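Presented below is the structure to which this report refers.
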Amino acid sequence: MTRILLHTCLLLLAGSMAHAAQPLTDLGELNRRLQETAGKITSIESEFVQTKHIDIFDEDVESRGTFLYCNGTQICLDYRQPMSYRIVINGNRLMTLTDGHKTIVNLGSNAMMNEMQKLIGVCMAGNLQALQSDFDLTYEADAQHYYIIARPHDKNIAAYLAKIGLTIDKKDMSVTELVFHENENDYTRYRFTSKRFNQLDAHDPRFSIQ
Amino acid sequence: MTRAFLYNSLAVILLAATLLTACSRQASLDAPVRPALYAVSDTTARYDITFVMGKVQQNGLLVTRLHNDEARLVCASPFGLTLFDITLRNDDYTLNHCIGPLRNEKIWTVLADDFRSIFLSTHGSVTYDSDGRQLRRTGCGLTRGTIRYDADNHATRIAHKWLKLQIEITPYNPSIHDNHATR
């Protein structure tokens, strides 16, 4: 009986190890596939679930909505739950819209928001080269995904962001999960589903700031 | 010359006395204990929060929990960025994290007092305004303000007129948000 249990445990352990991510030493294929994809994808529309985890609290806060991205300069997070709320970044302007109340700010005057805009755009497009100037990147992979961890070496970014976790689906090289770790324990995770590529118009009214 | 000096000294003393009197709003420990508007407990509580400073409005969520006998308050923007994280005690506070634009000790002295009045039991009297809302006074001098609690919709509004700052806190109500979401 003990032997059967031991064998079962070993089999389970071996199974889990086979699916565990391994460090990626040869980045050639990843970079080649990212370059191919970057040239092809101009826009993304997807559903997302955002989970805010704060370690000392006993429950996570979940929000849902639609994510829109176009041409690297237009981003929209259109929240439906728990409340109707829209954040639009278009060029160097950011607009928040809630209950009909708009706030428009110039990103040029806000270094942190400017950095966030760059990060979201770069991460969603999987543009790792753009991250390399400000972050140290480590790579892992399993059969289905690439996992990239980006740790900032810029002090200004490190003040509010400990690391970024990026999960890329090997099938279509799209980002399936994005995690902003504010410190070792607290994070905000975005999971993207129902992705539609290159179907958005740059003049889509949801990108409009006025 | 001597007379001018005396008048000036008197004026300075009177001004100082006026300012000190104006700032002595801190209730003494003899004052009755005023219960918290939203008492912090050892389970997580969630609130919607709106800051309006001048023409700028920022919405977010506020989560609170009693942790190691201290009230922990974390406020995040709707897209998840932590705006501030504060540990509140009866007589002081620790700012664990705060975004750059909010990093101002004077502002935090004011906000900590406001949040203490709302989330912790404090000493002071409970009064009501002409609309029947519970009214608490906070701050002093240029930072003085009011905290009004509307029992009908459970909303609390902090107003600092001279700072042009208003904060509204409402307990999170999933049924209201579900209705919003399905509109």
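Letters A, B, ... mark the chains of the structure tokens in the order given; residue numbers begin at 1 per chain; ligand numbers begin at 1, in order shown.
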Original post:
Which residues, written as a PyMOL selection string, have at least one atom at most 10 Å from Asn183 (chain A), with only C-alpha atoms counted and residues fewer than 5 positions away on the same chain left out?
Top reply: chain A and resi 54+158-163
Would you output that residue set with N, CA and C atoms, as a PDB file, in the first residue's frame?
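Below is the file that was written, selection-v5.pdb:
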```
ATOM      1  N   ILE A  54      -4.573  42.364  -2.599  1.00  0.00           N
ATOM      2  CA  ILE A  54      -3.800  43.042  -1.549  1.00  0.00           C
ATOM      3  C   ILE A  54      -3.660  42.040  -0.421  1.00  0.00           C
ATOM      4  N   ALA A 158      10.552  51.808 -10.310  1.00  0.00           N
ATOM      5  CA  ALA A 158      10.582  50.874  -9.174  1.00  0.00           C
ATOM      6  C   ALA A 158       9.846  51.420  -7.954  1.00  0.00           C
ATOM      7  N   ALA A 159       9.642  52.747  -7.906  1.00  0.00           N
ATOM      8  CA  ALA A 159       8.933  53.340  -6.771  1.00  0.00           C
ATOM      9  C   ALA A 159       7.489  52.872  -6.691  1.00  0.00           C
ATOM     10  N   TYR A 160       6.897  52.503  -7.823  1.00  0.00           N
ATOM     11  CA  TYR A 160       5.505  52.042  -7.771  1.00  0.00           C
ATOM     12  C   TYR A 160       5.292  50.679  -8.423  1.00  0.00           C
ATOM     13  N   LEU A 161       6.357  50.085  -8.945  1.00  0.00           N
ATOM     14  CA  LEU A 161       6.210  48.807  -9.634  1.00  0.00           C
ATOM     15  C   LEU A 161       7.419  47.921  -9.346  1.00  0.00           C
ATOM     16  N   ALA A 162       7.193  46.769  -8.681  1.00  0.00           N
ATOM     17  CA  ALA A 162       8.316  45.878  -8.364  1.00  0.00           C
ATOM     18  C   ALA A 162       8.684  45.026  -9.573  1.00  0.00           C
ATOM     19  N   LYS A 163       7.666  44.511 -10.262  1.00  0.00           N
ATOM     20  CA  LYS A 163       7.924  43.728 -11.483  1.00  0.00           C
ATOM     21  C   LYS A 163       6.640  43.566 -12.283  1.00  0.00           C
TER      22      LYS A 163
END
```
Quick one: contact table of chain A to chain B, 9 Å max, nearest atom pair and distance in Å to one decimal per residue, counting only C-alpha atoms, chain and number order, as a tab-separated table?
```
residue	atom	partner	partner_atom	distance
A:Gln50	CA	B:Phe79	CA	7.8
A:Thr51	CA	B:Gly80	CA	7.9
A:Lys52	CA	B:Gly80	CA	6.0
A:Ile54	CA	B:Val74	CA	8.5
A:Ile56	CA	B:His67	CA	7.5
A:Phe57	CA	B:Thr44	CA	5.8
A:Asp58	CA	B:Thr44	CA	6.1
A:Glu59	CA	B:Thr44	CA	6.9
A:Val61	CA	B:Arg46	CA	9.0
A:Ser63	CA	B:Pro78	CA	8.2
A:Leu77	CA	B:Phe79	CA	8.1
A:Tyr79	CA	B:Pro78	CA	8.5
A:Arg80	CA	B:Ala181	CA	5.1
A:Gln81	CA	B:Ala181	CA	5.6
A:Pro82	CA	B:His177	CA	5.4
A:Met83	CA	B:His177	CA	5.4
A:Ser84	CA	B:Ala181	CA	6.1
A:Tyr85	CA	B:Pro78	CA	7.8
A:Ile87	CA	B:Phe79	CA	8.3
A:Thr96	CA	B:Gln58	CA	8.2
A:Thr98	CA	B:Asn59	CA	8.0
A:His101	CA	B:Gln57	CA	8.2
A:Lys102	CA	B:Gln57	CA	8.1
A:Thr103	CA	B:Val56	CA	6.2
A:Ile104	CA	B:Val56	CA	8.3
A:Val105	CA	B:Val56	CA	8.7
A:Asn110	CA	B:Pro101	CA	8.9
A:Met112	CA	B:Gly100	CA	8.1
A:Ala159	CA	B:Ile99	CA	8.5
A:Tyr160	CA	B:Ile99	CA	7.2
A:Phe180	CA	B:Leu81	CA	8.8
A:Glu182	CA	B:Thr82	CA	8.0
A:Tyr187	CA	B:Gly80	CA	8.3
A:Thr188	CA	B:Gly80	CA	5.7
A:Arg189	CA	B:Gly80	CA	8.5
```
Would you output that residue set with N, CA, C and O atoms, as a short mmCIF file (atom, residue, chain, number, x, y, z; two decimals), in the first residue's frame?
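The resulting selection_9.cif:
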```cif
data_model
loop_
_atom_site.label_atom_id
_atom_site.label_comp_id
_atom_site.auth_asym_id
_atom_site.auth_seq_id
_atom_site.Cartn_x
_atom_site.Cartn_y
_atom_site.Cartn_z
N GLN A 50 -9.99 41.87 -14.36
CA GLN A 50 -8.91 42.48 -13.57
C GLN A 50 -9.07 42.06 -12.11
O GLN A 50 -10.15 42.17 -11.54
N THR A 51 -8.00 41.55 -11.54
CA THR A 51 -8.05 41.13 -10.13
C THR A 51 -7.01 41.91 -9.34
O THR A 51 -5.83 41.87 -9.66
N LYS A 52 -7.52 42.63 -8.35
CA LYS A 52 -6.61 43.38 -7.48
C LYS A 52 -6.43 42.57 -6.21
O LYS A 52 -7.39 42.29 -5.49
N ILE A 54 -4.57 42.36 -2.60
CA ILE A 54 -3.80 43.04 -1.55
C ILE A 54 -3.66 42.04 -0.42
O ILE A 54 -4.66 41.54 0.11
N ILE A 56 -3.00 41.74 2.75
CA ILE A 56 -3.60 41.70 4.10
C ILE A 56 -5.13 41.59 4.06
O ILE A 56 -5.76 41.36 5.08
N PHE A 57 -5.73 41.79 2.90
CA PHE A 57 -7.19 41.69 2.83
C PHE A 57 -7.60 40.26 2.47
O PHE A 57 -6.87 39.57 1.75
N ASP A 58 -8.76 39.86 3.00
CA ASP A 58 -9.13 38.46 2.83
C ASP A 58 -9.93 38.19 1.57
O ASP A 58 -10.46 37.11 1.40
N GLU A 59 -10.10 39.17 0.72
CA GLU A 59 -10.74 38.90 -0.56
C GLU A 59 -10.15 39.80 -1.65
O GLU A 59 -9.70 40.91 -1.37
N VAL A 61 -10.41 41.95 -5.27
CA VAL A 61 -11.40 42.81 -5.92
C VAL A 61 -11.36 42.53 -7.42
O VAL A 61 -10.31 42.66 -8.05
N SER A 63 -12.79 43.14 -11.35
CA SER A 63 -13.50 44.05 -12.27
C SER A 63 -13.46 43.42 -13.66
O SER A 63 -12.54 42.67 -13.97
N LEU A 77 -9.74 51.15 -21.68
CA LEU A 77 -10.23 50.13 -20.74
C LEU A 77 -11.66 50.53 -20.39
O LEU A 77 -11.88 51.54 -19.74
N TYR A 79 -14.70 49.59 -18.48
CA TYR A 79 -15.18 48.71 -17.39
C TYR A 79 -16.70 48.65 -17.37
O TYR A 79 -17.37 49.67 -17.53
N ARG A 80 -17.22 47.44 -17.18
CA ARG A 80 -18.67 47.27 -17.01
C ARG A 80 -19.01 46.93 -15.56
O ARG A 80 -20.05 47.30 -15.06
N GLN A 81 -18.15 46.15 -14.93
CA GLN A 81 -18.38 45.73 -13.55
C GLN A 81 -17.11 45.97 -12.73
O GLN A 81 -16.02 45.77 -13.26
N PRO A 82 -17.21 46.34 -11.49
CA PRO A 82 -18.45 46.56 -10.74
C PRO A 82 -19.13 47.87 -11.06
O PRO A 82 -20.25 48.08 -10.62
N MET A 83 -18.46 48.75 -11.80
CA MET A 83 -19.15 49.98 -12.18
C MET A 83 -18.76 50.38 -13.58
O MET A 83 -17.74 49.94 -14.11
N SER A 84 -19.61 51.19 -14.16
CA SER A 84 -19.34 51.68 -15.50
C SER A 84 -18.26 52.77 -15.40
O SER A 84 -18.45 53.77 -14.71
N TYR A 85 -17.14 52.52 -16.07
CA TYR A 85 -16.00 53.44 -15.94
C TYR A 85 -15.13 53.26 -17.17
O TYR A 85 -14.92 52.13 -17.61
N ILE A 87 -11.46 54.40 -19.16
CA ILE A 87 -10.19 55.13 -19.23
C ILE A 87 -9.72 55.09 -20.68
O ILE A 87 -9.62 54.00 -21.26
N THR A 96 -10.75 60.06 -18.19
CA THR A 96 -11.54 59.11 -17.41
C THR A 96 -12.99 59.57 -17.49
O THR A 96 -13.27 60.77 -17.47
N THR A 98 -16.81 58.69 -15.88
CA THR A 98 -17.67 57.93 -14.97
C THR A 98 -18.90 58.74 -14.65
O THR A 98 -18.81 59.94 -14.39
N HIS A 101 -19.24 62.11 -15.96
CA HIS A 101 -18.24 63.11 -15.58
C HIS A 101 -16.89 62.78 -16.22
O HIS A 101 -16.36 61.70 -16.02
N LYS A 102 -16.37 63.73 -17.00
CA LYS A 102 -15.10 63.51 -17.70
C LYS A 102 -13.97 64.24 -17.01
O LYS A 102 -14.14 65.37 -16.57
N THR A 103 -12.82 63.61 -16.97
CA THR A 103 -11.60 64.30 -16.55
C THR A 103 -10.55 64.04 -17.62
O THR A 103 -10.29 62.88 -17.97
N ILE A 104 -9.99 65.10 -18.16
CA ILE A 104 -8.97 64.95 -19.20
C ILE A 104 -7.66 65.53 -18.68
O ILE A 104 -7.64 66.66 -18.19
N VAL A 105 -6.60 64.74 -18.74
CA VAL A 105 -5.30 65.26 -18.33
C VAL A 105 -4.28 65.04 -19.43
O VAL A 105 -4.42 64.13 -20.25
N ASN A 110 2.43 64.39 -16.50
CA ASN A 110 2.35 63.40 -15.43
C ASN A 110 3.26 62.22 -15.77
O ASN A 110 2.89 61.33 -16.55
N MET A 112 4.30 59.64 -14.17
CA MET A 112 3.90 58.28 -13.80
C MET A 112 2.84 57.74 -14.78
O MET A 112 2.93 56.61 -15.25
N ALA A 159 9.64 52.75 -7.91
CA ALA A 159 8.93 53.34 -6.77
C ALA A 159 7.49 52.87 -6.69
O ALA A 159 6.89 52.85 -5.63
N TYR A 160 6.90 52.50 -7.82
CA TYR A 160 5.51 52.04 -7.77
C TYR A 160 5.29 50.68 -8.42
O TYR A 160 4.18 50.16 -8.47
N PHE A 180 0.82 43.31 -12.82
CA PHE A 180 1.65 44.39 -12.29
C PHE A 180 1.83 44.13 -10.80
O PHE A 180 0.87 44.20 -10.03
N GLU A 182 3.04 45.40 -7.42
CA GLU A 182 3.46 46.66 -6.80
C GLU A 182 4.52 46.42 -5.74
O GLU A 182 5.32 47.29 -5.43
N TYR A 187 -0.63 42.73 -6.05
CA TYR A 187 -0.54 42.81 -7.52
C TYR A 187 -1.91 43.12 -8.13
O TYR A 187 -2.95 42.98 -7.48
N THR A 188 -1.87 43.54 -9.38
CA THR A 188 -3.08 43.67 -10.19
C THR A 188 -2.89 42.79 -11.41
O THR A 188 -1.92 42.95 -12.15
N ARG A 189 -3.82 41.86 -11.61
CA ARG A 189 -3.68 40.91 -12.73
C ARG A 189 -4.81 41.16 -13.74
O ARG A 189 -5.96 41.32 -13.36
#
```
DSSP-assigned strand (DSSP E or B) among region 29-97 of chain A, expressed as an mmCIF file with C-alpha atoms, in the first residue's frame:
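New file part32.cif:
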```cif
data_model
loop_
_atom_site.group_PDB
_atom_site.id
_atom_site.type_symbol
_atom_site.label_atom_id
_atom_site.label_comp_id
_atom_site.auth_asym_id
_atom_site.auth_seq_id
_atom_site.Cartn_x
_atom_site.Cartn_y
_atom_site.Cartn_z
ATOM 1 C CA SER A 43 -5.375 46.491 -33.137
ATOM 2 C CA ILE A 44 -6.720 44.249 -30.381
ATOM 3 C CA GLU A 45 -10.169 44.072 -28.829
ATOM 4 C CA SER A 46 -10.682 41.655 -25.976
ATOM 5 C CA GLU A 47 -12.605 41.004 -22.808
ATOM 6 C CA PHE A 48 -10.655 41.254 -19.571
ATOM 7 C CA VAL A 49 -10.952 40.334 -15.929
ATOM 8 C CA GLN A 50 -8.908 42.483 -13.570
ATOM 9 C CA THR A 51 -8.049 41.129 -10.133
ATOM 10 C CA LYS A 52 -6.611 43.384 -7.480
ATOM 11 C CA HIS A 53 -4.909 41.367 -4.768
ATOM 12 C CA VAL A 61 -11.403 42.811 -5.922
ATOM 13 C CA GLU A 62 -12.512 41.771 -9.371
ATOM 14 C CA SER A 63 -13.499 44.049 -12.266
ATOM 15 C CA ARG A 64 -14.525 43.202 -15.828
ATOM 16 C CA GLY A 65 -14.700 45.031 -19.106
ATOM 17 C CA THR A 66 -13.486 45.393 -22.666
ATOM 18 C CA PHE A 67 -9.922 46.242 -23.614
ATOM 19 C CA LEU A 68 -9.184 48.116 -26.849
ATOM 20 C CA TYR A 69 -5.776 48.821 -28.326
ATOM 21 C CA CYS A 70 -4.914 50.433 -31.635
ATOM 22 C CA GLN A 74 -4.717 54.430 -28.446
ATOM 23 C CA ILE A 75 -5.791 52.400 -25.435
ATOM 24 C CA CYS A 76 -9.218 52.065 -23.856
ATOM 25 C CA LEU A 77 -10.227 50.127 -20.741
ATOM 26 C CA ASP A 78 -14.017 50.100 -20.757
ATOM 27 C CA TYR A 79 -15.175 48.714 -17.387
ATOM 28 C CA ARG A 80 -18.666 47.270 -17.007
ATOM 29 C CA GLN A 81 -18.376 45.728 -13.554
ATOM 30 C CA TYR A 85 -16.004 53.441 -15.942
ATOM 31 C CA ARG A 86 -13.849 54.208 -18.955
ATOM 32 C CA ILE A 87 -10.186 55.127 -19.230
ATOM 33 C CA VAL A 88 -9.003 56.302 -22.623
ATOM 34 C CA ILE A 89 -5.445 57.097 -23.588
ATOM 35 C CA ASN A 90 -5.118 58.695 -26.994
ATOM 36 C CA ARG A 93 -3.989 62.712 -23.420
ATOM 37 C CA LEU A 94 -5.835 60.623 -20.863
ATOM 38 C CA MET A 95 -9.543 60.767 -20.178
ATOM 39 C CA THR A 96 -11.544 59.110 -17.412
ATOM 40 C CA LEU A 97 -15.304 58.934 -17.749
#
```
Subject >> Pick from B:Thr170, B:Ser77, B:Ser130, B:Thr122 nearest to Tyr47 (chain B), counting only C-alpha atoms >> reply: B:Thr170
**OP:** With a distance cut-off of 12 Å and only C-alpha atoms, select the neighbouring residues of Asn90 (chain B), excluding the residue or stretch itself and same-chain residues fewer than 6 positions from it, and output the selection as a list in words.
**Re:**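 So the residues in contact are Leu29, Ala36, Asp69, Glu70, Ala71, Ala112, Asp113, Phe115, Arg116, Ser117, Ile118, Phe119, Leu120, Ser121, Thr122 and His123 of chain B.
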**OP:** For Ser133 (chain A), work out the shell of residues within 12 Å, counting only C-alpha atoms and skipping chain neighbours fewer than 5 positions away, then give it as a PyMOL selection string.
**Re:** chain A and resi 119+127-128+150-154
Any chance you can output those residues with N, CA, C and O atoms as a PDB file, in the first residue's frame?
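Below you can see result-v1.pdb, which holds the result:
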```pdb
ATOM      1  N   LEU A 119       3.846  51.465 -20.657  1.00  0.00           N
ATOM      2  CA  LEU A 119       3.943  50.070 -20.208  1.00  0.00           C
ATOM      3  C   LEU A 119       2.776  49.229 -20.697  1.00  0.00           C
ATOM      4  O   LEU A 119       2.962  48.110 -21.187  1.00  0.00           O
ATOM      5  N   ASN A 127       5.756  43.990 -27.006  1.00  0.00           N
ATOM      6  CA  ASN A 127       6.951  44.622 -27.570  1.00  0.00           C
ATOM      7  C   ASN A 127       8.081  44.598 -26.535  1.00  0.00           C
ATOM      8  O   ASN A 127       8.331  45.573 -25.841  1.00  0.00           O
ATOM      9  N   LEU A 128       8.755  43.463 -26.450  1.00  0.00           N
ATOM     10  CA  LEU A 128       9.758  43.282 -25.406  1.00  0.00           C
ATOM     11  C   LEU A 128      10.970  44.182 -25.597  1.00  0.00           C
ATOM     12  O   LEU A 128      11.610  44.592 -24.634  1.00  0.00           O
ATOM     13  N   ALA A 150       9.605  41.123 -15.977  1.00  0.00           N
ATOM     14  CA  ALA A 150      10.355  42.368 -16.208  1.00  0.00           C
ATOM     15  C   ALA A 150      10.507  43.111 -14.885  1.00  0.00           C
ATOM     16  O   ALA A 150       9.515  43.449 -14.251  1.00  0.00           O
ATOM     17  N   ARG A 151      11.753  43.302 -14.476  1.00  0.00           N
ATOM     18  CA  ARG A 151      12.013  44.039 -13.224  1.00  0.00           C
ATOM     19  C   ARG A 151      12.655  45.378 -13.582  1.00  0.00           C
ATOM     20  O   ARG A 151      13.658  45.412 -14.291  1.00  0.00           O
ATOM     21  N   PRO A 152      12.066  46.472 -13.060  1.00  0.00           N
ATOM     22  CA  PRO A 152      12.599  47.788 -13.451  1.00  0.00           C
ATOM     23  C   PRO A 152      13.973  48.061 -12.847  1.00  0.00           C
ATOM     24  O   PRO A 152      14.220  47.722 -11.692  1.00  0.00           O
ATOM     25  N   HIS A 153      14.865  48.631 -13.647  1.00  0.00           N
ATOM     26  CA  HIS A 153      16.109  49.100 -13.039  1.00  0.00           C
ATOM     27  C   HIS A 153      16.105  50.621 -12.923  1.00  0.00           C
ATOM     28  O   HIS A 153      17.015  51.217 -12.389  1.00  0.00           O
ATOM     29  N   ASP A 154      15.013  51.228 -13.398  1.00  0.00           N
ATOM     30  CA  ASP A 154      14.847  52.666 -13.246  1.00  0.00           C
ATOM     31  C   ASP A 154      14.181  52.927 -11.887  1.00  0.00           C
ATOM     32  O   ASP A 154      13.131  52.365 -11.578  1.00  0.00           O
TER      33      ASP A 154
END
```
**OP:** Show which residues sit within 10 Å of Glu140 (chain A), as a list in words. Count only C-alpha atoms, and ignore same-chain residues fewer than 2 positions away.
**Re:**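 The neighbour list is Ala20, Ala21, Gln22, Pro23, Leu24, Thr25, Leu27, Thr138, Asp142, His145, Tyr146, Tyr147, Ile148, Ile149 and Thr167 of chain A.
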Keeping only N, CA, C and O atoms, write the selected residues to a file as a PDB file, in the first residue's frame.
```pdb
ATOM      1  N   ALA A  20       5.766  22.246 -15.705  1.00  0.00           N
ATOM      2  CA  ALA A  20       6.309  23.462 -15.088  1.00  0.00           C
ATOM      3  C   ALA A  20       7.136  24.226 -16.109  1.00  0.00           C
ATOM      4  O   ALA A  20       7.782  23.639 -16.979  1.00  0.00           O
ATOM      5  N   ALA A  21       7.106  25.564 -15.969  1.00  0.00           N
ATOM      6  CA  ALA A  21       7.868  26.395 -16.897  1.00  0.00           C
ATOM      7  C   ALA A  21       9.360  26.232 -16.640  1.00  0.00           C
ATOM      8  O   ALA A  21       9.794  26.116 -15.504  1.00  0.00           O
ATOM      9  N   GLN A  22      10.107  26.214 -17.720  1.00  0.00           N
ATOM     10  CA  GLN A  22      11.566  26.080 -17.639  1.00  0.00           C
ATOM     11  C   GLN A  22      12.216  27.373 -18.138  1.00  0.00           C
ATOM     12  O   GLN A  22      11.681  28.021 -19.040  1.00  0.00           O
ATOM     13  N   PRO A  23      13.357  27.733 -17.584  1.00  0.00           N
ATOM     14  CA  PRO A  23      14.043  28.936 -18.093  1.00  0.00           C
ATOM     15  C   PRO A  23      14.335  28.800 -19.583  1.00  0.00           C
ATOM     16  O   PRO A  23      14.698  27.716 -20.059  1.00  0.00           O
ATOM     17  N   LEU A  24      14.161  29.902 -20.291  1.00  0.00           N
ATOM     18  CA  LEU A  24      14.362  29.895 -21.741  1.00  0.00           C
ATOM     19  C   LEU A  24      15.755  30.449 -22.017  1.00  0.00           C
ATOM     20  O   LEU A  24      16.037  31.605 -21.713  1.00  0.00           O
ATOM     21  N   THR A  25      16.626  29.604 -22.584  1.00  0.00           N
ATOM     22  CA  THR A  25      17.992  30.061 -22.817  1.00  0.00           C
ATOM     23  C   THR A  25      18.168  30.585 -24.245  1.00  0.00           C
ATOM     24  O   THR A  25      18.861  31.567 -24.474  1.00  0.00           O
ATOM     25  N   LEU A  27      16.663  32.565 -27.041  1.00  0.00           N
ATOM     26  CA  LEU A  27      15.565  33.516 -27.273  1.00  0.00           C
ATOM     27  C   LEU A  27      15.276  33.736 -28.752  1.00  0.00           C
ATOM     28  O   LEU A  27      14.415  34.530 -29.121  1.00  0.00           O
ATOM     29  N   THR A 138      13.576  38.361 -17.656  1.00  0.00           N
ATOM     30  CA  THR A 138      13.908  36.943 -17.558  1.00  0.00           C
ATOM     31  C   THR A 138      12.799  36.163 -18.267  1.00  0.00           C
ATOM     32  O   THR A 138      11.636  36.590 -18.262  1.00  0.00           O
ATOM     33  N   ASP A 142       6.707  27.010 -21.133  1.00  0.00           N
ATOM     34  CA  ASP A 142       6.252  25.620 -21.074  1.00  0.00           C
ATOM     35  C   ASP A 142       5.670  25.303 -22.445  1.00  0.00           C
ATOM     36  O   ASP A 142       5.895  26.037 -23.415  1.00  0.00           O
ATOM     37  N   HIS A 145       2.907  28.326 -23.208  1.00  0.00           N
ATOM     38  CA  HIS A 145       3.115  29.767 -22.980  1.00  0.00           C
ATOM     39  C   HIS A 145       4.593  30.155 -22.837  1.00  0.00           C
ATOM     40  O   HIS A 145       5.413  29.342 -22.449  1.00  0.00           O
ATOM     41  N   TYR A 146       4.839  31.432 -23.140  1.00  0.00           N
ATOM     42  CA  TYR A 146       6.088  32.074 -22.729  1.00  0.00           C
ATOM     43  C   TYR A 146       5.755  32.905 -21.490  1.00  0.00           C
ATOM     44  O   TYR A 146       4.680  33.533 -21.431  1.00  0.00           O
ATOM     45  N   TYR A 147       6.652  32.905 -20.518  1.00  0.00           N
ATOM     46  CA  TYR A 147       6.462  33.729 -19.317  1.00  0.00           C
ATOM     47  C   TYR A 147       7.635  34.696 -19.218  1.00  0.00           C
ATOM     48  O   TYR A 147       8.788  34.258 -19.171  1.00  0.00           O
ATOM     49  N   ILE A 148       7.328  35.965 -19.196  1.00  0.00           N
ATOM     50  CA  ILE A 148       8.399  36.965 -19.126  1.00  0.00           C
ATOM     51  C   ILE A 148       8.228  37.785 -17.843  1.00  0.00           C
ATOM     52  O   ILE A 148       7.132  38.265 -17.555  1.00  0.00           O
ATOM     53  N   ILE A 149       9.293  37.896 -17.110  1.00  0.00           N
ATOM     54  CA  ILE A 149       9.275  38.735 -15.898  1.00  0.00           C
ATOM     55  C   ILE A 149      10.161  39.949 -16.177  1.00  0.00           C
ATOM     56  O   ILE A 149      11.314  39.798 -16.590  1.00  0.00           O
ATOM     57  N   THR A 167       2.380  36.894 -19.719  1.00  0.00           N
ATOM     58  CA  THR A 167       2.212  35.533 -20.242  1.00  0.00           C
ATOM     59  C   THR A 167       1.750  35.621 -21.695  1.00  0.00           C
ATOM     60  O   THR A 167       0.743  36.279 -21.978  1.00  0.00           O
TER      61      THR A 167
END
```
Original post:
Which value, in Å to one decimal, gives the distance between CA of Asn31 (chain A) and CA of Gly165 (chain A)?
Top reply: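 Straight-line distance from CA of Asn31 (chain A) to CA of Gly165 (chain A) works out to 17.3 Å.
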Original post:
Where in region 103-188 of chain A does DSSP assign helix (DSSP H, G or I), given as an MDAnalysis selection string?
Top reply: chainID A and resid 107:109 111:125 128:131 155:158
